[in-house]
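**Q** coords_11.cif is reproduced in full below (mmCIF, C-alpha atoms).
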data_model
#
loop_
_atom_site.label_atom_id
_atom_site.label_comp_id
_atom_site.auth_asym_id
_atom_site.auth_seq_id
_atom_site.Cartn_x
_atom_site.Cartn_y
_atom_site.Cartn_z
CA MET A 1 0.00 0.00 0.00
CA ALA A 2 1.32 3.43 -0.90
CA GLN A 3 2.44 5.62 1.95
CA PRO A 4 1.97 9.40 2.18
CA ARG A 5 5.09 11.47 1.67
CA ILE A 6 6.57 13.02 4.77
CA SER A 7 5.70 16.71 4.84
CA ALA A 8 8.23 19.36 5.82
CA TYR A 9 5.55 22.04 6.24
CA LEU A 10 5.34 23.69 9.63
CA PRO A 11 2.20 23.47 11.80
CA PRO A 12 -0.44 26.03 10.72
CA ASP A 13 -0.14 28.00 13.97
CA ILE A 14 3.56 28.75 13.51
CA ASP A 15 4.55 32.25 12.36
CA PRO A 16 7.01 31.69 9.49
CA THR A 17 8.24 35.28 9.52
CA LYS A 18 12.01 35.32 9.63
CA ALA A 19 14.03 37.47 11.97
CA ALA A 20 15.60 40.53 10.41
CA LEU A 21 19.23 39.88 9.59
CA ALA A 22 22.15 42.24 9.46
CA PHE A 23 24.38 42.01 6.43
CA GLY A 24 27.78 40.32 6.60
CA ARG A 25 29.46 38.45 9.44
CA ARG A 26 27.42 40.14 12.20
CA ALA A 27 24.31 38.13 11.26
CA LEU A 28 25.57 34.78 12.51
CA PRO A 29 26.72 35.90 15.99
CA LYS A 30 23.32 37.51 16.50
CA LEU A 31 21.55 34.32 15.44
CA ASN A 32 23.61 32.22 17.84
CA GLU A 33 22.46 34.46 20.68
CA GLU A 34 18.85 34.06 19.56
CA LEU A 35 19.19 30.27 19.46
CA GLN A 36 20.06 30.39 23.16
CA SER A 37 17.14 32.68 23.97
CA ALA A 38 14.43 31.61 26.40
CA GLU A 39 11.84 33.01 23.99
CA LEU A 40 10.34 30.22 21.85
CA LEU A 41 9.36 32.42 18.90
CA THR A 42 12.85 33.95 18.83
CA GLN A 43 14.39 30.48 18.64
CA GLN A 44 12.00 29.42 15.87
CA ARG A 45 12.73 32.50 13.77
CA ALA A 46 16.48 32.16 14.28
CA LEU A 47 16.35 28.55 13.09
CA MET A 48 14.33 29.49 10.00
CA ALA A 49 16.86 32.17 9.11
CA LEU A 50 19.72 29.75 9.71
CA CYS A 51 18.15 27.21 7.37
CA ASP A 52 18.54 29.76 4.55
CA LEU A 53 22.06 30.81 5.48
CA VAL A 54 23.67 27.36 5.74
CA HIS A 55 23.05 26.63 2.08
CA ASP A 56 26.23 28.70 1.63
CA PRO A 57 29.38 26.67 2.53
CA GLU A 58 31.09 29.84 3.76
CA LYS A 59 28.28 30.42 6.24
CA VAL A 60 28.57 26.80 7.36
CA TYR A 61 32.27 27.33 8.04
CA GLN A 62 31.53 30.50 10.02
CA ALA A 63 28.70 28.87 11.97
CA ILE A 64 30.93 25.99 13.05
CA ALA A 65 33.70 28.41 14.07
CA LEU A 66 31.23 30.45 16.13
CA GLY A 67 30.10 27.39 18.09
CA PHE A 68 26.64 26.97 16.58
CA LEU A 69 26.80 23.18 16.83
CA ALA A 70 26.76 23.27 20.63
CA SER A 71 23.58 25.37 20.54
CA LEU A 72 21.96 23.13 17.93
CA LYS A 73 22.76 19.94 19.89
CA THR A 74 20.95 21.45 22.88
CA LEU A 75 17.88 22.23 20.75
CA LEU A 76 17.61 18.63 19.54
CA VAL A 77 15.87 17.72 22.82
CA HIS A 78 13.61 20.80 22.85
CA GLN A 79 9.99 20.06 23.77
CA ASP A 80 8.70 22.16 20.85
CA GLN A 81 8.37 20.07 17.69
CA THR A 82 9.00 23.03 15.38
CA VAL A 83 12.31 23.73 17.08
CA ARG A 84 13.34 20.09 16.70
CA GLN A 85 12.20 20.04 13.08
CA LYS A 86 14.10 23.16 12.08
CA THR A 87 17.18 22.13 14.09
CA THR A 88 17.40 18.80 12.29
CA GLU A 89 16.76 20.61 9.00
CA VAL A 90 19.68 22.99 9.65
CA LEU A 91 21.96 20.05 10.45
CA SER A 92 20.83 18.10 7.37
CA ILE A 93 21.61 21.09 5.14
CA MET A 94 25.02 21.51 6.78
CA ALA A 95 25.69 17.82 6.12
CA LEU A 96 25.40 18.50 2.38
CA HIS A 97 28.74 20.36 2.53
CA SER A 98 32.07 18.66 3.19
CA ILE A 99 33.01 21.23 5.83
CA GLY A 100 29.65 20.64 7.48
CA ARG A 101 30.02 16.86 7.54
CA GLU A 102 33.46 17.13 9.10
CA GLY A 103 32.19 19.58 11.71
CA LEU A 104 29.17 17.47 12.63
CA ILE A 105 31.31 14.38 13.07
CA ARG A 106 33.88 16.16 15.25
CA SER A 107 31.22 17.78 17.42
CA GLY A 108 29.49 14.53 18.40
CA VAL A 109 26.22 15.28 16.61
CA ILE A 110 25.73 11.60 15.76
CA SER A 111 25.31 10.58 19.39
CA ALA A 112 23.14 13.63 20.08
CA LEU A 113 20.78 12.66 17.26
CA ALA A 114 20.31 9.12 18.57
CA GLY A 115 17.52 10.32 20.84
CA LEU A 116 15.42 11.37 17.84
CA LEU A 117 15.03 7.85 16.44
CA ASP A 118 11.72 7.62 18.31
CA ASP A 119 10.62 11.22 17.77
CA PRO A 120 6.83 11.36 17.22
CA VAL A 121 7.24 13.83 14.34
CA ASP A 122 7.94 12.09 11.00
CA ILE A 123 9.94 14.94 9.48
CA CYS A 124 12.26 15.09 12.52
CA ARG A 125 13.07 11.40 12.12
CA LYS A 126 13.51 11.78 8.36
CA ASN A 127 15.92 14.69 8.79
CA THR A 128 17.82 12.69 11.41
CA HIS A 129 18.25 9.72 9.07
CA GLN A 130 19.27 12.00 6.22
CA ILE A 131 22.09 13.26 8.42
CA PHE A 132 23.17 9.72 9.34
CA ASP A 133 23.10 8.74 5.67
CA MET A 134 25.25 11.70 4.62
CA LEU A 135 27.77 11.36 7.46
CA ALA A 136 28.15 7.59 6.98
CA LYS A 137 29.50 8.22 3.48
CA LEU A 138 32.73 9.28 5.19
CA PRO A 139 34.80 6.58 6.95
CA GLU A 140 34.86 8.76 10.09
CA GLY A 141 31.08 9.12 9.94
CA ALA A 142 30.49 5.39 9.50
CA GLY A 143 32.81 4.84 12.46
CA GLY A 144 30.83 7.39 14.46
CA VAL A 145 27.56 5.57 13.78
CA LEU A 146 29.16 2.28 14.86
CA GLN A 147 30.70 3.81 17.99
CA ALA A 148 27.37 5.35 18.96
CA GLY A 149 25.86 1.84 19.02
CA LEU A 150 23.28 2.77 16.39
CA ILE A 151 23.41 -0.37 14.24
CA PRO A 152 21.01 -2.51 16.35
CA PRO A 153 18.35 0.24 16.62
CA LEU A 154 18.68 0.99 12.90
CA VAL A 155 18.07 -2.67 12.08
CA LEU A 156 15.05 -2.62 14.39
CA LYS A 157 13.69 0.53 12.76
CA MET A 158 13.87 -1.15 9.35
CA GLN A 159 10.84 -3.19 10.43
CA THR A 160 8.65 -0.29 11.53
CA GLU A 161 9.68 2.92 9.77
CA LEU A 162 8.05 4.65 6.82
CA ASP A 163 9.36 3.68 3.38
CA GLU A 164 11.15 7.01 2.86
CA ILE A 165 13.06 6.52 6.08
CA GLN A 166 13.78 2.85 5.38
CA GLU A 167 15.62 3.92 2.22
CA LEU A 168 17.79 6.26 4.25
CA ILE A 169 18.49 3.61 6.88
CA LEU A 170 19.59 1.18 4.17
CA GLY A 171 21.97 3.81 2.80
CA THR A 172 23.49 4.29 6.25
CA LEU A 173 23.80 0.55 6.84
CA SER A 174 25.47 -0.09 3.48
CA ASN A 175 28.31 2.28 4.38
CA CYS A 176 28.64 1.19 8.01
CA LEU A 177 28.58 -2.55 7.32
CA ARG A 178 31.42 -2.13 4.87
CA VAL A 179 33.50 -1.50 8.00
CA GLU A 180 32.07 -3.99 10.49
CA VAL A 181 29.15 -6.44 10.50
CA SER A 182 29.11 -8.30 13.81
CA GLU A 183 26.60 -5.99 15.53
CA ALA A 184 24.26 -6.09 12.54
CA LEU A 185 24.40 -9.89 12.37
CA ALA A 186 23.73 -10.16 16.10
CA ALA A 187 20.74 -7.81 15.69
CA GLY A 188 19.20 -10.09 13.04
CA ALA A 189 19.91 -7.89 10.04
CA VAL A 190 20.01 -10.70 7.48
CA PRO A 191 16.43 -11.98 8.04
CA VAL A 192 15.17 -8.37 7.99
CA LEU A 193 16.99 -7.64 4.74
CA LYS A 194 15.76 -10.89 3.22
CA GLU A 195 12.20 -9.73 3.84
CA LYS A 196 12.95 -6.33 2.26
CA LEU A 197 14.05 -8.06 -0.96
CA SER A 198 10.34 -8.62 -1.65
CA HIS A 199 9.29 -5.04 -0.86
CA PRO A 200 7.08 -3.26 -3.44
CA SER A 201 9.52 -0.33 -3.55
CA THR A 202 12.25 -0.65 -6.18
CA ALA A 203 14.60 1.50 -4.13
CA ILE A 204 14.16 -0.63 -1.00
CA ARG A 205 14.64 -3.92 -2.88
CA SER A 206 17.76 -2.58 -4.56
CA LYS A 207 19.26 -1.06 -1.42
CA ALA A 208 18.47 -4.14 0.67
CA ALA A 209 20.38 -6.27 -1.84
CA TRP A 210 23.23 -3.78 -1.72
CA VAL A 211 23.44 -4.02 2.07
CA LEU A 212 23.53 -7.80 1.72
CA LEU A 213 26.41 -7.32 -0.73
CA GLU A 214 28.32 -5.42 1.97
CA ILE A 215 27.47 -8.10 4.54
CA SER A 216 28.62 -10.85 2.18
CA SER A 217 31.98 -9.15 1.73
CA HIS A 218 32.79 -10.37 5.27
CA ALA A 219 33.41 -14.04 6.04
CA GLU A 220 30.87 -14.20 8.86
CA GLY A 221 28.34 -12.42 6.67
CA LYS A 222 28.65 -15.03 3.92
CA ILE A 223 27.89 -17.75 6.46
CA GLU A 224 24.79 -15.95 7.73
CA VAL A 225 23.46 -15.25 4.21
CA CYS A 226 23.69 -18.95 3.38
CA LYS A 227 22.22 -19.98 6.72
CA GLU A 228 19.16 -17.74 6.27
CA GLU A 229 18.61 -19.04 2.72
CA VAL A 230 18.85 -15.60 1.17
CA ILE A 231 20.50 -16.80 -2.04
CA PRO A 232 17.31 -18.24 -3.62
CA VAL A 233 15.59 -14.89 -3.06
CA LEU A 234 18.50 -13.05 -4.68
CA VAL A 235 18.30 -15.44 -7.62
CA SER A 236 14.62 -14.61 -8.07
CA LEU A 237 15.53 -10.91 -8.27
CA LEU A 238 17.76 -11.56 -11.29
CA GLU A 239 14.55 -11.40 -13.30
CA ASP A 240 13.34 -8.21 -11.62
CA THR A 241 12.05 -5.63 -14.09
CA GLN A 242 14.22 -2.88 -12.57
CA PRO A 243 17.89 -2.75 -13.72
CA GLU A 244 19.15 -1.35 -10.41
CA VAL A 245 17.66 -4.31 -8.54
CA GLN A 246 19.37 -6.71 -10.96
CA VAL A 247 22.72 -4.97 -10.46
CA SER A 248 22.66 -5.07 -6.66
CA SER A 249 21.29 -8.63 -6.59
CA THR A 250 23.98 -10.02 -8.88
CA GLY A 251 26.58 -8.14 -6.83
CA ALA A 252 25.30 -9.70 -3.61
CA LEU A 253 25.31 -13.14 -5.24
CA MET A 254 28.84 -12.63 -6.50
CA PHE A 255 30.13 -12.13 -2.95
CA ALA A 256 27.97 -14.84 -1.36
CA LEU A 257 28.99 -17.47 -3.92
CA VAL A 258 32.64 -17.32 -2.90
CA THR A 259 31.86 -20.09 -0.39
CA PRO A 260 31.08 -23.70 -1.43
CA GLN A 261 27.76 -23.46 0.45
CA GLY A 262 26.85 -20.37 -1.52
CA ARG A 263 27.60 -21.98 -4.87
CA SER A 264 25.65 -25.08 -3.92
CA SER A 265 22.64 -22.98 -2.87
CA ALA A 266 22.75 -21.02 -6.14
CA MET A 267 22.87 -24.20 -8.21
CA GLY A 268 19.89 -25.52 -6.25
CA ALA A 269 18.04 -22.29 -7.02
CA GLU A 270 18.82 -22.69 -10.74
CA ALA A 271 20.76 -19.43 -10.94
CA ILE A 272 22.54 -20.18 -14.23
CA PRO A 273 19.68 -19.50 -16.71
CA PRO A 274 18.78 -15.98 -15.45
CA LEU A 275 22.48 -15.12 -15.11
CA LEU A 276 23.09 -16.17 -18.71
CA THR A 277 20.17 -14.00 -19.78
CA LEU A 278 21.82 -10.99 -18.15
CA VAL A 279 25.14 -11.78 -19.82
CA ALA A 280 23.48 -12.04 -23.23
CA GLU A 281 21.79 -8.64 -22.87
CA GLU A 282 24.40 -6.18 -24.13
CA THR A 283 22.65 -3.24 -22.46
CA SER A 284 22.32 -4.94 -19.08
CA LYS A 285 23.91 -2.97 -16.24
CA ALA A 286 24.27 -6.24 -14.35
CA ARG A 287 26.31 -7.89 -17.10
CA LEU A 288 29.70 -7.65 -15.41
CA ASN A 289 28.45 -8.98 -12.08
CA ALA A 290 26.61 -11.79 -13.87
CA ILE A 291 29.77 -12.91 -15.68
CA LYS A 292 31.78 -12.94 -12.46
CA THR A 293 29.02 -14.87 -10.66
CA LEU A 294 28.86 -17.47 -13.43
CA THR A 295 32.63 -17.83 -13.25
CA LEU A 296 32.25 -18.89 -9.62
CA LEU A 297 29.57 -21.42 -10.58
CA ALA A 298 31.87 -22.76 -13.31
CA GLU A 299 34.21 -23.94 -10.55
CA LEU A 300 31.64 -26.64 -9.77
CA PRO A 301 31.70 -29.68 -12.11
CA GLU A 302 27.95 -29.43 -12.77
CA GLY A 303 28.21 -25.70 -13.34
CA ARG A 304 31.10 -26.09 -15.76
CA GLN A 305 29.27 -28.81 -17.65
CA THR A 306 26.21 -26.58 -18.09
CA LEU A 307 28.21 -23.52 -19.11
CA LEU A 308 30.25 -25.41 -21.73
CA ASP A 309 27.08 -25.36 -23.84
CA HIS A 310 26.97 -21.55 -23.56
CA ARG A 311 30.61 -20.77 -24.24
CA ASP A 312 29.64 -18.61 -27.24
CA THR A 313 27.71 -16.28 -24.91
CA PHE A 314 30.96 -15.39 -23.17
CA GLN A 315 32.85 -15.34 -26.45
CA ARG A 316 30.64 -12.52 -27.69
CA CYS A 317 31.53 -10.53 -24.58
CA LEU A 318 35.15 -10.36 -25.74
CA ASP A 319 34.07 -7.61 -28.15
CA ASP A 320 32.24 -5.61 -25.48
CA PRO A 321 33.13 -1.87 -25.33
CA SER A 322 33.89 -2.29 -21.61
CA GLU A 323 37.39 -3.56 -20.86
CA ALA A 324 36.17 -4.86 -17.51
CA VAL A 325 33.55 -7.02 -19.25
CA GLN A 326 36.18 -8.26 -21.71
CA ARG A 327 38.56 -9.29 -18.92
CA ALA A 328 35.78 -10.96 -16.94
CA ALA A 329 34.70 -12.91 -20.04
CA GLU A 330 38.27 -14.07 -20.67
CA ILE A 331 38.54 -15.39 -17.12
CA ALA A 332 35.15 -17.07 -17.38
CA ILE A 333 36.11 -18.86 -20.60
CA THR A 334 39.37 -20.03 -19.02
CA VAL A 335 37.51 -21.50 -16.05
CA ILE A 336 34.83 -23.09 -18.23
CA ASP A 337 37.44 -24.67 -20.52
CA TRP A 338 39.55 -26.04 -17.67
CA LYS A 339 39.84 -29.82 -17.44
CA PRO A 340 41.47 -31.94 -14.74
CA SER A 341 44.91 -33.24 -15.62
CA CYS A 342 43.91 -36.66 -14.32
CA SER A 343 43.34 -39.23 -17.07
CA ARG A 344 39.90 -39.92 -15.69
CA ASP A 345 38.54 -36.57 -16.82
CA LEU A 346 35.01 -35.73 -15.94
CA PHE A 347 34.53 -34.14 -19.36
#
Could I get this file's structure written as structure tokens?
**A**
Amino acid sequence: MAQPRISAYLPPDIDPTKAALAFGRRALPKLNEELQSAELLTQQRALMALCDLVHDPEKVYQAIALGFLASLKTLLVHQDQTVRQKTTEVLSIMALHSIGREGLIRSGVISALAGLLDDPVDICRKNTHQIFDMLAKLPEGAGGVLQAGLIPPLVLKMQTELDEIQELILGTLSNCLRVEVSEALAAGAVPVLKEKLSHPSTAIRSKAAWVLLEISSHAEGKIEVCKEEVIPVLVSLLEDTQPEVQVSSTGALMFALVTPQGRSSAMGAEAIPPLLTLVAEETSKARLNAIKTLTLLAELPEGRQTLLDHRDTFQRCLDDPSEAVQRAAEIAITVIDWKPSCSRDLF
């Protein structure tokens, strides 16, 4: 069922009039004073003005230097929902700039935002997750999310949050789990992600598969993916109508099939036919991943036997405009053509 979009509009009883601003560098010091005011309307107006100013990277730099982040962290727990909304909006805009991301990470904003995961206002939670998503793109930000102990609650929120927010959570997880996966595995991330592979949203299916790719890049993650029988679901997504879902699914399979258990599960799920279809489609974005995945299956006697009948499919890839596809096809053909040196050859 379709969900309503999260609205960023303020409540109808809020005066949107912005505080008058002086020109130049004097404006920001004045705003910082107003943020610390005991007057609610003054705080609201200061935040609205700040939302406009921090679109400029120079103003972001000045705001950080003037100590705005300490004031904003305090306002994150304000009882007024408009103050919380505009505070998270200011921080999310600052996170769009490299200087802003670095400042937010250094100032401990990640831990301060953790309390908003259960905020009753949708837009506050959305802004919060947008900040996490942006900061996690940096190694220091991903480390900050991990250090704040946010992985288990993020996995939990994947089961209850609105679709828009689920997409943001998946983006955060994909960057954090590239670094470390043990907390996510302990929190039951793999079963949750397996369920999301069947979600009606293309973005959620694709991003869930991408997070599974990151999980499968770790040894313990590969084991869990096989244990939870995720591979057959990933195989079914090879025939998804959306190219981005095919790309992320073949990528996740490619990592999971490194283990013998993974290859056996893929063979049982009859992965070869849909993978060959992707290889044969010259415009397929998943072509490279599909070739590499089939190369892994060719290491099994039954896989090699099947793929010998489709050697020409890989041969045609040798003329592909992409050098990466050409190299992958060459390796695949070498593996498919390999025969044991023993006189009792299987082929």
**Q** Step by step, work through what the PyMOL selection byres ((chain A and resi 230) around 12) selects in the shown file, and finish by giving those residues as a ChimeraX atom specification.
**A** /A:189-198,208-209,212-213,215-216,221-229,231-237,249,252-253,256-257,261-262,265-266,269
**Q** Could you spell out the hits of the PyMOL selection byres ((chain A and resi 179) around 12) on the shown file, as a count of residues only?
**A** 30
**Q** What is the distance between CA of Gln305 (chain A) and CA of Ile272 (chain A), in Å to one decimal?
**A**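 So the two atoms, CA of Gln305 (chain A) and CA of Ile272 (chain A), lie 11.5 Å apart.
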**Q** Take the PyMOL selection byres ((chain A and resi 71-82) around 8), apply it to the structure above, and return the hits as a list in words.
**A**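 For this structure, the PyMOL selection byres ((chain A and resi 71-82) around 8) resolves to Leu10, Pro11, Asn32, Leu35, Gln36, Gln44, Gly67, Phe68, Leu69, Ala70, Val83, Arg84, Gln85, Lys86, Thr87, Thr88, Val109, Ala112, Leu113, Gly115, Leu116 and Val121 of chain A.
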**Q** Would you compute the distance between CA of Lys59 (chain A) and CA of Val90 (chain A)? Give it in Å to one decimal.
**A**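 Value for the CA of Lys59 (chain A)-CA of Val90 (chain A) distance: 11.9 Å.
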**Q** Any idea what the distance is between CA of Ile336 (chain A) and CA of Gln242 (chain A)?
**A** 29.4 Å
**Q** Can you list, as a list in words, every protein, DNA or RNA residue that comes within 12 Å of Asp56 (chain A) when you count only C-alpha atoms, leaving out same-chain residues fewer than 6 positions away?
**A** Leu50, Gln62, Ala63, Val90, Ile93, Met94, Ala95, Leu96, His97, Ser98, Ile99 and Gly100 of chain A
**Q** Could you tell me which of A:Ile110, A:Met254, A:Val54, A:Leu308 comes closest to Gly149 (chain A) if we count all atoms listed in the file?
**A** A:Ile110
**Q** Considering all atoms listed in the file, state which residue in the set A:Ile165, A:Leu185, A:Val245, A:Ala332 is at the smallest distance from Asn127 (chain A).
**A**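 Looking at the shortest contact to Asn127 (chain A), the residue is A:Ile165.
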**Q** Give as a tab-separated table (two decimals) with C-alpha atoms, keeping the file's coordinate frame each residue that has an atom at most 12 Å from (35.2, -17.5, -23.7) in the file, counting all atoms listed in the file.
**A**
chain	number	residue	atom	x	y	z
A	291	ILE	CA	29.77	-12.91	-15.68
A	295	THR	CA	32.63	-17.83	-13.25
A	307	LEU	CA	28.21	-23.52	-19.11
A	308	LEU	CA	30.25	-25.41	-21.73
A	309	ASP	CA	27.08	-25.36	-23.84
A	310	HIS	CA	26.97	-21.55	-23.56
A	311	ARG	CA	30.61	-20.77	-24.24
A	312	ASP	CA	29.64	-18.61	-27.24
A	313	THR	CA	27.71	-16.28	-24.91
A	314	PHE	CA	30.96	-15.39	-23.17
A	315	GLN	CA	32.85	-15.34	-26.45
A	316	ARG	CA	30.64	-12.52	-27.69
A	317	CYS	CA	31.53	-10.53	-24.58
A	318	LEU	CA	35.15	-10.36	-25.74
A	319	ASP	CA	34.07	-7.61	-28.15
A	325	VAL	CA	33.55	-7.02	-19.25
A	326	GLN	CA	36.18	-8.26	-21.71
A	327	ARG	CA	38.56	-9.29	-18.92
A	328	ALA	CA	35.78	-10.96	-16.94
A	329	ALA	CA	34.70	-12.91	-20.04
A	330	GLU	CA	38.27	-14.07	-20.67
A	331	ILE	CA	38.54	-15.39	-17.12
A	332	ALA	CA	35.15	-17.07	-17.38
A	333	ILE	CA	36.11	-18.86	-20.60
A	334	THR	CA	39.37	-20.03	-19.02
A	335	VAL	CA	37.51	-21.50	-16.05
A	336	ILE	CA	34.83	-23.09	-18.23
A	337	ASP	CA	37.44	-24.67	-20.52
A	338	TRP	CA	39.55	-26.04	-17.67
